[in-house]
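**Student:** Next comes target-v1.txt, compact mmCIF, C-alpha atoms:
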# COMPACT_ATOMS: atom_id res chain seq x y z
CA MET A 1 0.00 0.00 0.00
CA THR A 2 1.26 3.43 -0.83
CA THR A 3 1.05 6.15 1.75
CA THR A 4 1.51 9.79 1.17
CA THR A 5 3.19 11.86 3.74
CA HIS A 6 0.97 14.88 3.24
CA GLN A 7 -1.93 12.88 4.68
CA LEU A 8 -0.08 12.69 7.98
CA ARG A 9 0.32 16.41 8.33
CA VAL A 10 -2.19 18.06 10.55
CA ASP A 11 -2.64 21.57 11.70
CA ILE A 12 -1.31 21.84 15.20
CA PRO A 13 -0.98 24.85 17.44
CA ALA A 14 2.44 26.41 17.69
CA VAL A 15 4.55 24.11 19.86
CA ALA A 16 6.73 25.76 22.44
CA GLY A 17 10.41 24.92 22.55
CA LEU A 18 12.47 23.69 25.50
CA GLU A 19 12.76 27.12 27.07
CA ALA A 20 9.01 27.24 27.69
CA HIS A 21 9.28 24.12 29.84
CA VAL A 22 11.75 25.51 32.36
CA GLY A 23 10.25 25.84 35.83
CA ASN A 24 6.83 24.94 37.15
CA THR A 25 8.36 21.81 38.62
CA PRO A 26 6.38 19.55 40.97
CA LEU A 27 6.43 20.16 44.71
CA LEU A 28 6.51 16.71 46.27
CA PRO A 29 5.75 15.76 49.87
CA LEU A 30 8.13 13.53 51.79
CA THR A 31 5.79 11.04 53.40
CA HIS A 32 7.62 8.03 54.84
CA LEU A 33 10.70 9.99 55.89
CA ALA A 34 8.49 12.60 57.53
CA SER A 35 6.16 10.13 59.23
CA ARG A 36 7.53 10.77 62.73
CA LEU A 37 7.10 14.53 62.58
CA ARG A 38 4.32 16.24 64.50
CA PRO A 39 0.97 16.15 62.64
CA GLY A 40 1.04 19.83 61.73
CA VAL A 41 4.46 19.65 60.08
CA GLN A 42 5.08 19.00 56.37
CA VAL A 43 8.28 18.67 54.36
CA LEU A 44 8.01 19.41 50.63
CA ALA A 45 10.67 19.28 47.92
CA LYS A 46 10.82 20.94 44.51
CA ALA A 47 11.67 18.21 42.00
CA GLU A 48 14.03 20.21 39.84
CA TRP A 49 15.11 17.32 37.65
CA PHE A 50 11.81 17.86 35.80
CA ASN A 51 13.47 20.80 34.06
CA PRO A 52 14.45 20.05 30.42
CA GLY A 53 18.18 20.07 31.15
CA GLY A 54 17.67 17.84 34.18
CA SER A 55 18.47 20.24 37.00
CA VAL A 56 17.61 23.43 38.86
CA LYS A 57 20.37 25.12 36.85
CA ASP A 58 18.09 25.52 33.85
CA ARG A 59 16.54 28.50 35.58
CA PRO A 60 19.65 30.64 36.15
CA ALA A 61 21.32 29.50 32.92
CA LEU A 62 18.36 30.56 30.80
CA ASN A 63 18.07 33.90 32.60
CA ILE A 64 21.80 34.58 32.22
CA ILE A 65 21.65 33.73 28.50
CA ARG A 66 18.53 35.83 27.85
CA THR A 67 19.87 38.78 29.83
CA ALA A 68 23.17 38.69 27.95
CA ILE A 69 21.42 38.50 24.58
CA ASP A 70 19.14 41.41 25.54
CA CYS A 71 22.19 43.46 26.53
CA GLY A 72 24.01 42.64 23.29
CA GLN A 73 26.75 40.72 25.12
CA LEU A 74 25.90 37.37 23.52
CA GLY A 75 24.54 36.12 20.22
CA GLN A 76 26.87 38.01 17.89
CA GLY A 77 29.53 35.36 17.59
CA GLN A 78 30.81 35.35 21.16
CA ARG A 79 31.31 32.03 22.96
CA LEU A 80 29.59 31.65 26.31
CA LEU A 81 32.31 30.84 28.86
CA ASP A 82 31.94 29.73 32.48
CA SER A 83 33.32 27.35 35.07
CA THR A 84 30.94 24.68 36.28
CA SER A 85 30.61 21.56 38.37
CA GLY A 86 28.40 20.12 35.63
CA ASN A 87 24.75 21.04 35.92
CA MET A 88 25.13 24.72 35.00
CA GLY A 89 27.25 23.70 32.03
CA ILE A 90 24.63 21.20 30.89
CA ALA A 91 21.96 23.90 31.14
CA TYR A 92 24.03 26.43 29.17
CA ALA A 93 24.76 23.86 26.48
CA THR A 94 21.11 22.77 26.29
CA PHE A 95 19.77 26.24 25.61
CA CYS A 96 22.70 27.58 23.57
CA ALA A 97 22.69 24.68 21.09
CA PRO A 98 19.43 25.65 19.33
CA LEU A 99 20.46 29.32 19.43
CA GLY A 100 23.70 28.53 17.61
CA ILE A 101 25.74 29.96 20.49
CA PRO A 102 29.00 28.08 21.08
CA VAL A 103 29.79 27.16 24.71
CA THR A 104 33.15 26.74 26.45
CA LEU A 105 33.16 25.26 29.95
CA VAL A 106 35.95 24.89 32.47
CA MET A 107 35.57 22.07 34.95
CA PRO A 108 37.93 20.01 37.08
CA SER A 109 39.11 16.88 35.29
CA ASN A 110 37.68 14.62 38.00
CA ALA A 111 34.13 15.50 36.91
CA SER A 112 32.12 12.32 36.59
CA PRO A 113 32.27 10.60 33.20
CA GLU A 114 28.50 10.98 32.93
CA ARG A 115 28.78 14.76 33.05
CA ILE A 116 31.64 14.90 30.58
CA SER A 117 29.73 12.67 28.15
CA ILE A 118 26.53 14.71 28.40
CA LEU A 119 28.38 17.98 27.79
CA ARG A 120 30.23 16.57 24.78
CA SER A 121 26.94 15.24 23.40
CA LEU A 122 25.52 18.75 23.61
CA GLY A 123 28.47 20.12 21.65
CA ALA A 124 30.17 22.07 24.45
CA GLU A 125 33.91 22.67 24.36
CA LEU A 126 35.43 21.38 27.60
CA ILE A 127 38.57 22.69 29.26
CA LEU A 128 39.51 20.31 32.06
CA SER A 129 41.38 21.95 34.94
CA ASP A 130 43.72 20.59 37.62
CA PRO A 131 41.59 18.36 39.88
CA VAL A 132 43.66 19.17 42.98
CA GLU A 133 42.74 22.85 42.58
CA GLY A 134 39.04 21.89 42.58
CA SER A 135 36.19 24.17 41.55
CA ASP A 136 38.05 27.30 42.61
CA GLY A 137 40.85 26.34 40.24
CA ALA A 138 38.34 26.02 37.40
CA LEU A 139 36.87 29.40 38.33
CA ARG A 140 40.29 31.07 38.32
CA LEU A 141 41.12 29.53 34.94
CA ALA A 142 37.81 30.71 33.42
CA ARG A 143 38.43 34.23 34.75
CA GLN A 144 41.89 34.22 33.19
CA MET A 145 40.59 32.97 29.84
CA ALA A 146 37.93 35.71 29.84
CA ALA A 147 40.50 38.38 30.70
CA ASP A 148 42.88 37.14 27.99
CA ALA A 149 40.26 37.10 25.20
CA PRO A 150 37.40 39.47 26.05
CA GLN A 151 36.27 39.72 22.41
CA ARG A 152 36.05 35.95 22.04
CA TYR A 153 34.04 35.22 25.16
CA PHE A 154 30.96 36.31 27.02
CA TYR A 155 31.99 35.32 30.55
CA ALA A 156 28.70 34.23 32.13
CA ASN A 157 30.24 34.17 35.63
CA GLN A 158 27.44 32.38 37.47
CA TYR A 159 29.06 33.10 40.84
CA ASP A 160 28.84 36.87 40.49
CA ASN A 161 26.03 37.37 37.94
CA PRO A 162 22.81 38.78 39.47
CA ALA A 163 20.79 37.15 36.68
CA ASN A 164 21.51 33.91 38.56
CA TRP A 165 19.59 34.71 41.73
CA GLU A 166 17.03 36.85 39.88
CA ALA A 167 15.90 33.74 37.99
CA HIS A 168 14.86 32.22 41.31
CA PHE A 169 13.29 35.46 42.49
CA TRP A 170 11.02 35.50 39.44
CA SER A 171 10.30 31.77 39.05
CA THR A 172 11.15 29.39 41.89
CA GLY A 173 10.05 31.77 44.66
CA PRO A 174 6.59 32.52 43.23
CA GLU A 175 6.07 28.84 42.40
CA ILE A 176 6.75 27.82 46.00
CA LEU A 177 4.45 30.50 47.37
CA ASN A 178 1.65 29.44 44.99
CA GLN A 179 2.13 25.70 45.39
CA THR A 180 1.92 25.96 49.18
CA GLY A 181 -0.96 28.42 49.08
CA GLY A 182 1.26 30.84 50.95
CA ALA A 183 1.69 28.40 53.84
CA VAL A 184 5.47 27.93 53.55
CA THR A 185 7.17 28.77 56.85
CA HIS A 186 10.75 27.59 56.25
CA PHE A 187 12.88 27.50 53.11
CA VAL A 188 15.95 25.28 53.13
CA ALA A 189 18.48 25.19 50.28
CA GLY A 190 22.05 24.15 49.62
CA LEU A 191 24.73 26.75 48.95
CA GLY A 192 26.66 26.39 45.72
CA THR A 193 26.64 29.75 44.00
CA SER A 194 23.92 30.66 46.56
CA GLY A 195 21.63 31.75 43.71
CA THR A 196 18.72 29.54 44.77
CA LEU A 197 18.81 30.51 48.44
CA THR A 198 19.24 34.20 47.64
CA GLY A 199 16.57 34.49 44.93
CA VAL A 200 13.90 32.32 46.52
CA GLY A 201 14.66 33.67 49.97
CA LYS A 202 14.34 37.31 48.89
CA TYR A 203 11.01 36.64 47.18
CA LEU A 204 9.53 34.69 50.06
CA ARG A 205 10.76 37.18 52.65
CA GLU A 206 9.18 40.06 50.70
CA ASN A 207 5.88 38.22 50.91
CA ASN A 208 6.27 37.02 54.49
CA PRO A 209 8.87 38.71 56.71
CA HIS A 210 8.53 35.91 59.28
CA ILE A 211 9.68 33.14 56.98
CA ARG A 212 12.89 31.38 58.03
CA ILE A 213 15.62 31.05 55.39
CA ILE A 214 18.11 28.25 56.08
CA GLY A 215 21.28 27.57 54.09
CA ILE A 216 23.04 24.22 53.89
CA GLN A 217 26.73 23.67 53.45
CA PRO A 218 29.10 20.74 53.87
CA ASP A 219 30.48 20.34 57.38
CA ARG A 220 34.12 20.36 56.25
CA PRO A 221 36.38 21.77 53.53
CA MET A 222 36.97 18.24 52.21
CA HIS A 223 33.58 16.71 51.45
CA GLY A 224 31.65 14.66 48.93
CA ILE A 225 28.49 16.72 48.51
CA GLU A 226 29.01 17.62 44.88
CA GLY A 227 27.50 20.95 43.90
CA LEU A 228 27.67 22.46 47.39
CA LYS A 229 30.38 24.80 48.62
CA HIS A 230 32.04 24.96 52.02
CA MET A 231 32.02 28.76 51.99
CA PRO A 232 34.72 29.43 54.61
CA SER A 233 37.35 27.53 52.59
CA ALA A 234 36.24 28.50 49.07
CA ILE A 235 36.13 31.61 46.91
CA ARG A 236 32.97 33.33 48.09
CA PRO A 237 30.47 34.01 45.27
CA GLY A 238 29.83 37.69 44.71
CA ILE A 239 26.07 37.12 44.89
CA TYR A 240 26.32 35.51 48.35
CA ASP A 241 25.60 37.66 51.39
CA PRO A 242 26.57 35.67 54.51
CA ALA A 243 24.18 37.81 56.57
CA PHE A 244 21.18 36.83 54.43
CA PRO A 245 20.28 33.36 55.79
CA ASP A 246 18.66 33.18 59.22
CA GLN A 247 20.56 29.98 59.91
CA LEU A 248 23.21 27.71 58.39
CA LEU A 249 23.17 23.94 58.76
CA HIS A 250 26.31 21.89 58.24
CA ILE A 251 25.69 18.44 56.78
CA GLN A 252 28.15 15.54 56.84
CA THR A 253 28.79 13.81 53.52
CA GLU A 254 27.96 10.40 55.00
CA THR A 255 24.58 11.79 56.15
CA ALA A 256 23.83 13.03 52.63
CA TYR A 257 24.80 9.67 51.09
CA GLU A 258 22.60 7.78 53.55
CA MET A 259 19.67 10.12 52.86
CA VAL A 260 20.07 9.66 49.09
CA ARG A 261 19.67 5.91 49.60
CA ARG A 262 16.64 6.38 51.87
CA LEU A 263 14.98 8.77 49.43
CA GLY A 264 15.27 6.12 46.74
CA ARG A 265 14.18 3.15 48.80
CA GLN A 266 11.47 4.78 50.91
CA GLU A 267 10.13 7.61 48.77
CA GLY A 268 10.90 6.36 45.25
CA LEU A 269 12.95 9.47 44.62
CA PHE A 270 16.18 8.74 42.72
CA VAL A 271 18.08 11.94 43.40
CA GLY A 272 21.59 13.35 43.49
CA ILE A 273 23.83 13.93 46.50
CA SER A 274 22.88 17.54 47.14
CA SER A 275 19.22 16.47 47.34
CA GLY A 276 20.24 14.05 50.09
CA ALA A 277 21.83 16.93 51.98
CA ALA A 278 18.71 19.05 51.41
CA ALA A 279 16.39 16.34 52.71
CA ALA A 280 18.55 15.72 55.78
CA ALA A 281 18.58 19.44 56.60
CA ALA A 282 14.87 19.95 55.93
CA LEU A 283 13.96 16.98 58.15
CA GLN A 284 16.27 18.28 60.88
CA ILE A 285 14.51 21.65 60.82
CA ALA A 286 11.07 20.03 60.67
CA ALA A 287 11.83 17.79 63.67
CA GLY A 288 12.07 20.87 65.87
CA LEU A 289 8.70 22.33 64.84
CA GLU A 290 5.25 22.11 66.42
CA SER A 291 3.73 23.12 63.09
CA GLY A 292 4.99 24.45 59.79
CA VAL A 293 5.64 23.84 56.11
CA VAL A 294 9.29 23.27 55.29
CA VAL A 295 10.18 23.57 51.60
CA THR A 296 13.48 22.53 50.10
CA ILE A 297 15.01 22.07 46.66
CA PHE A 298 16.10 18.76 45.14
CA PRO A 299 18.50 20.05 42.47
CA ASP A 300 18.84 16.96 40.27
CA ALA A 301 18.30 13.24 39.80
CA GLY A 302 20.82 10.51 40.55
CA TYR A 303 21.82 9.56 37.01
CA LYS A 304 24.96 11.69 36.91
CA TYR A 305 26.32 10.05 40.06
CA LEU A 306 25.86 6.38 39.16
CA SER A 307 29.57 5.86 38.58
CA ASN A 308 30.29 6.67 42.24
CA PRO A 309 29.85 3.34 44.07
CA GLU A 310 30.33 4.95 47.48
CA ILE A 311 26.93 6.65 47.28
CA TRP A 312 24.65 3.79 46.48
CA GLY A 313 26.01 1.09 48.74
CA GLY A 314 25.26 -2.53 47.89
CA MET B 315 66.76 10.66 48.65
CA PRO B 316 63.54 11.17 46.63
CA MET B 317 60.30 10.42 48.42
CA PRO B 318 56.74 10.03 47.19
CA VAL B 319 54.77 13.24 47.36
CA ILE B 320 51.11 13.87 48.20
CA ARG B 321 49.48 16.86 46.48
CA ILE B 322 47.14 18.70 48.85
CA PRO B 323 43.87 20.23 47.58
CA THR B 324 43.39 23.95 48.10
CA PRO B 325 40.73 23.69 50.84
CA LEU B 326 43.04 21.61 53.06
CA ARG B 327 46.24 23.63 52.70
CA SER B 328 45.53 25.64 55.81
CA TYR B 329 46.08 22.41 57.78
CA VAL B 330 49.54 21.83 56.28
CA ASN B 331 51.07 25.29 56.67
CA GLY B 332 49.89 26.33 53.22
CA LEU B 333 51.93 23.69 51.40
CA SER B 334 50.67 22.24 48.13
CA GLU B 335 52.88 19.14 48.21
CA ILE B 336 54.05 17.06 51.15
CA PRO B 337 56.88 14.50 50.87
CA VAL B 338 55.92 11.32 52.69
CA GLN B 339 57.47 8.03 53.71
CA GLY B 340 55.79 4.77 52.79
CA GLN B 341 55.84 2.10 50.15
CA THR B 342 52.07 1.84 49.83
CA VAL B 343 49.23 4.36 49.59
CA ALA B 344 48.09 3.36 53.09
CA ALA B 345 51.54 3.91 54.59
CA ALA B 346 51.96 7.23 52.79
CA MET B 347 48.59 8.48 54.02
CA GLU B 348 49.33 7.41 57.58
CA ASN B 349 52.65 9.22 57.38
CA LEU B 350 50.90 12.37 56.14
CA LEU B 351 48.41 12.21 59.02
CA THR B 352 51.22 11.66 61.52
CA GLN B 353 53.06 14.72 60.18
CA TYR B 354 49.88 16.83 60.16
CA PRO B 355 47.40 15.43 62.72
CA ALA B 356 44.95 18.30 62.11
CA MET B 357 44.21 16.67 58.75
CA ARG B 358 43.01 13.43 60.34
CA PRO B 359 39.34 14.28 61.05
CA HIS B 360 38.95 15.63 57.52
CA LEU B 361 40.14 12.43 55.89
CA THR B 362 39.31 9.56 58.25
CA ASN B 363 36.27 8.44 60.19
CA THR B 364 36.19 7.53 63.87
CA ASN B 365 37.38 4.00 63.01
CA GLY B 366 40.48 5.42 61.37
CA GLN B 367 39.33 4.44 57.88
CA LEU B 368 39.48 6.87 54.98
CA ARG B 369 36.11 8.57 54.53
CA PRO B 370 34.20 7.36 51.45
CA PHE B 371 34.56 10.57 49.46
CA VAL B 372 38.34 10.82 49.84
CA ASN B 373 39.65 10.15 46.36
CA LEU B 374 43.29 9.33 45.83
CA PHE B 375 44.72 9.30 42.33
CA LEU B 376 48.03 7.98 41.12
CA GLY B 377 48.46 9.71 37.77
CA GLU B 378 45.15 9.33 35.96
CA SER B 379 44.00 6.32 37.99
CA ASN B 380 41.88 6.26 41.12
CA VAL B 381 43.70 3.94 43.51
CA ARG B 382 40.35 2.16 44.02
CA ASP B 383 40.82 0.89 40.46
CA LEU B 384 44.39 -0.23 41.22
CA GLN B 385 45.09 -2.14 44.45
CA GLY B 386 43.27 0.25 46.75
CA LEU B 387 45.21 1.35 49.80
CA GLU B 388 47.72 -1.44 49.18
CA THR B 389 48.74 0.10 45.85
CA PRO B 390 52.56 0.28 45.89
CA LEU B 391 54.26 3.67 45.65
CA LYS B 392 57.58 4.38 44.02
CA GLU B 393 59.87 7.05 45.41
CA ASP B 394 59.09 9.49 42.61
CA ASP B 395 55.32 8.96 42.61
CA LYS B 396 52.85 11.80 43.13
CA LEU B 397 49.65 10.88 44.93
CA LEU B 398 46.81 13.33 44.31
CA LEU B 399 44.23 14.03 47.01
CA ILE B 400 41.24 15.10 44.95
CA PRO B 401 38.36 17.18 46.35
CA SER B 402 34.77 16.82 45.20
CA ILE B 403 33.50 19.28 42.67
CA ALA B 404 31.73 22.06 44.50
CA GLY B 405 29.21 24.69 43.59
CA GLY B 406 27.40 25.38 40.35
Rewrite the structure of this file - the entire thing - as structure tokens.

**Tutor:**
Amino acid sequence: MTTTTHQLRVDIPAVAGLEAHVGNTPLLPLTHLASRLRPGVQVLAKAEWFNPGGSVKDRPALNIIRTAIDCGQLGQGQRLLDSTSGNMGIAYATFCAPLGIPVTLVMPSNASPERISILRSLGAELILSDPVEGSDGALRLARQMAADAPQRYFYANQYDNPANWEAHFWSTGPEILNQTGGAVTHFVAGLGTSGTLTGVGKYLRENNPHIRIIGIQPDRPMHGIEGLKHMPSAIRPGIYDPAFPDQLLHIQTETAYEMVRRLGRQEGLFVGISSGAAAAAALQIAAGLESGVVVTIFPDAGYKYLSNPEIWGG
Amino acid sequence: MPMPVIRIPTPLRSYVNGLSEIPVQGQTVAAAMENLLTQYPAMRPHLTNTNGQLRPFVNLFLGESNVRDLQGLETPLKEDDKLLLIPSIAGG
């Protein structure tokens, strides 16, 4: 039988591209892990791996790209340049590919093979920096590259770029307020660039001055909570104001690993290490409450960490 | 006489007087690490748990290879080897 392709064509409404699907992620309750809390206490997590690029970083990356294009700093042949631990780079590459904007990323060479493969698949140019120098070494190298070739690069500079936290002020913050019907009492988020804590926290505090904003960081300079920064021993992001959070919680790596396993086995949530830290911190805060709604952020899923056997146990 | 060297990641240099490389004695990774911790005891809680075992996120590389993929802590060291103490990737 002969078929003709024109018979398959139908009139469909204009279909939005990937950018239109950033944000509006689900807010999920922790049920089993929160079962021993007092009846009036809830713990909710934003499932940020529902973003097209697979992480919370879609939000700031898209806002940084759009802002730079609007200002004429990007889109006229410049390469987008930044240092990254992985997720921000994946987000940049995801949105720059269809725009025809080339991307150069600096990351330590011990980045997981999953991340390196994803970034190469998306066409990003990778500069792998000295692993002993860590993320700060990658940051310093990116700064130097930008200074050496300012015409070649738009240096996105996620650590100092206000478009990072503003993305959360305009999207994640309002979503949390709407999804909880304004009932959120505590917001708990990990500190990497601090963009999420700063943007969401500012929005929620504007709407409710009594809300508690709690930052999470690793308990030690040497840690395994990828994506989070131990601020006292790292280059402090320009967008981070240490006086902004009401409280800081310090989470041990082993606690985050254990919580990642429990989230998978008890809640069906296959998440990354920083989500484990977020859950541990949110549950710690919730355990001290008589009533309240504690909201946290689960930045990504567990796929990019599968090659690390220490996380998943047997 | 040449000795193996351990490269120290930036966040831990404040515990070793700011040094980036520490010469150590030892013919295996385990012996070299113990020697490092004996020289600089302030490093111990950052790298080992209460049982004295290396914490699970402490990654040691010999050249391009994680020692876990070699012979683990029993991996032999030559006198001109450089052992890299690699931090996790942080932030963004």

**Student:** What lies within 12 Å of Arg120 in chain A using only C-alpha atoms, ignoring chain neighbours under 2 positions off, as a list in words?

**Tutor:**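 Listing them by chain and then by number gives Gly86, Gly89, Ile90, Ala93, Thr94, Ala97, Val103, Thr104, Leu105, Pro113, Glu114, Arg115, Ile116, Ser117, Ile118, Leu122, Gly123, Ala124, Glu125, Leu126 and Ile127 of chain A.
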
**Student:** So how far away is CA of Gln252 in chain A from CA of Asp219 in chain A, in Å?

**Tutor:**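 That distance, rounded to one decimal, is 5.4 Å.
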
**Student:** Quick one, how far is CA of Arg321 in chain B from CA of Leu398 in chain B?

**Tutor:**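 Between these atoms lies a distance of 4.9 Å.
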
**Student:** So that each row is one residue of chain B with an atom at most 12 Å from chain A, can you give its shortest atom pair and the distance in Å to one decimal, using all atoms listed in the file, rows by chain and rising number, as a tab-separated table?

**Tutor:**
residue	atom	partner	partner_atom	distance
B:Ile320	CA	A:Val132	CA	10.5
B:Arg321	CA	A:Val132	CA	7.2
B:Ile322	CA	A:Val132	CA	6.8
B:Pro323	CA	A:Val132	CA	4.7
B:Thr324	CA	A:Glu133	CA	5.7
B:Pro325	CA	A:Ser233	CA	5.4
B:Leu326	CA	A:Pro221	CA	6.7
B:Arg327	CA	A:Ser233	CA	9.7
B:Ser328	CA	A:Ser233	CA	9.0
B:Tyr329	CA	A:Pro221	CA	10.6
B:Ser334	CA	A:Val132	CA	9.2
B:Glu335	CA	A:Val132	CA	10.6
B:Met357	CA	A:Met222	CA	9.9
B:Arg358	CA	A:Met222	CA	11.2
B:Pro359	CA	A:Arg220	CA	9.3
B:His360	CA	A:Met222	CA	6.2
B:Leu361	CA	A:Met222	CA	7.6
B:Thr362	CA	A:Met222	CA	10.8
B:Asn363	CA	A:Glu254	CA	10.0
B:Leu368	CA	A:Met222	CA	12.0
B:Arg369	CA	A:Glu254	CA	8.4
B:Pro370	CA	A:Glu310	CA	6.0
B:Phe371	CA	A:Gly224	CA	5.0
B:Val372	CA	A:His223	CA	7.7
B:Asn373	CA	A:Gly224	CA	9.5
B:Leu374	CA	A:Val132	CA	10.3
B:Phe375	CA	A:Asn110	CA	9.8
B:Gly377	CA	A:Pro131	CA	11.2
B:Glu378	CA	A:Asn110	CA	9.4
B:Ser379	CA	A:Asn110	CA	10.4
B:Asn380	CA	A:Asn110	CA	9.9
B:Arg382	CA	A:Pro309	CA	10.6
B:Asp383	CA	A:Pro309	CA	11.8
B:Lys396	CA	A:Val132	CA	11.8
B:Leu397	CA	A:Val132	CA	10.4
B:Leu398	CA	A:Val132	CA	6.8
B:Leu399	CA	A:Val132	CA	6.6
B:Ile400	CA	A:Val132	CA	5.1
B:Pro401	CA	A:Gly134	CA	6.1
B:Ser402	CA	A:Gly224	CA	5.3
B:Ile403	CA	A:Glu226	CA	5.3
B:Ala404	CA	A:Gly227	CA	4.4
B:Gly405	CA	A:Gly192	CA	3.7
B:Gly406	CA	A:Ser85	CA	5.4

**Student:** Given 6 Å of margin on each side, can you work out the centre and size in Å (one decimal) of an axis-aligned box holding every listed atom of range 119-124 of chain A, as AutoDock Vina command-line options?

**Tutor:**
--center_x 27.9 --center_y 18.7 --center_z 24.7 --size_x 16.7 --size_y 18.8 --size_z 18.1

**Student:** Please measure the separation of CA of Gly268 in chain A and CA of Leu30 in chain A, giving the value in Å to one decimal.

**Tutor:**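 Those two atoms sit 10.1 Å apart.
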
**Student:** Would you mind telling me which residue in B:Asp395, B:Ala356, B:Thr389, B:Val381 lies nearest to Pro337 in chain B when using all atoms listed in the file?

**Tutor:**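 Of all the options, B:Asp395 lies closest to Pro337 in chain B.
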
**Student:** Excluding Ala345 in chain B and its own-chain neighbours fewer than 5 positions away, which residues fall within 9 Å of it when counting all atoms listed in the file? Please give them as a PDB file with C-alpha atoms, in the frame of the given file.

**Tutor:**
ATOM      1  CA  VAL B 338      55.920  11.320  52.690  1.00  0.00           C
ATOM      2  CA  GLN B 339      57.470   8.030  53.710  1.00  0.00           C
ATOM      3  CA  GLY B 340      55.790   4.770  52.790  1.00  0.00           C
ATOM      4  CA  LEU B 350      50.900  12.370  56.140  1.00  0.00           C
ATOM      5  CA  LEU B 387      45.210   1.350  49.800  1.00  0.00           C
ATOM      6  CA  GLU B 388      47.720  -1.440  49.180  1.00  0.00           C
TER       7      GLU B 388
END

**Student:** Write out as a tab-separated table (two decimals) with C-alpha atoms, in the frame of the given file which residues come within 9 Å of Gly276 in chain A when counting all atoms listed in the file, dropping same-chain ones fewer than 4 positions away.

**Tutor:**
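Once everything was written out, this is out.tsv:
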chain	number	residue	atom	x	y	z
A	225	ILE	CA	28.49	16.72	48.51
A	255	THR	CA	24.58	11.79	56.15
A	256	ALA	CA	23.83	13.03	52.63
A	257	TYR	CA	24.80	9.67	51.09
A	258	GLU	CA	22.60	7.78	53.55
A	259	MET	CA	19.67	10.12	52.86
A	260	VAL	CA	20.07	9.66	49.09
A	261	ARG	CA	19.67	5.91	49.60
A	262	ARG	CA	16.64	6.38	51.87
A	263	LEU	CA	14.98	8.77	49.43
A	271	VAL	CA	18.08	11.94	43.40
A	272	GLY	CA	21.59	13.35	43.49
A	280	ALA	CA	18.55	15.72	55.78
A	281	ALA	CA	18.58	19.44	56.60
A	298	PHE	CA	16.10	18.76	45.14

**Student:** Out of A:Leu37, A:Ala149, A:Asp11, A:Trp49, which residue has the shortest atom-to-atom distance to Lys304 in chain A when counting only C-alpha atoms?

**Tutor:**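 Result for the nearest residue to Lys304 in chain A: A:Trp49.
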
**Student:** Residues proximal to (58.5, 6.6, 50.9) were defined as those with any atom within 8 Å of that point in the file's coordinates, counting all atoms listed in the file. Which are they, as number ranges by chain?

**Tutor:** B: 317-318, 338-341, 346, 391-393

**Student:** Give me the residues near range 206-210 of chain A as a ChimeraX atom specification, where near means some atom within 9 Å (using only C-alpha atoms) and where sequence neighbours in that chain fewer than 5 positions away do not count.

**Tutor:** /A:177,182,185,201
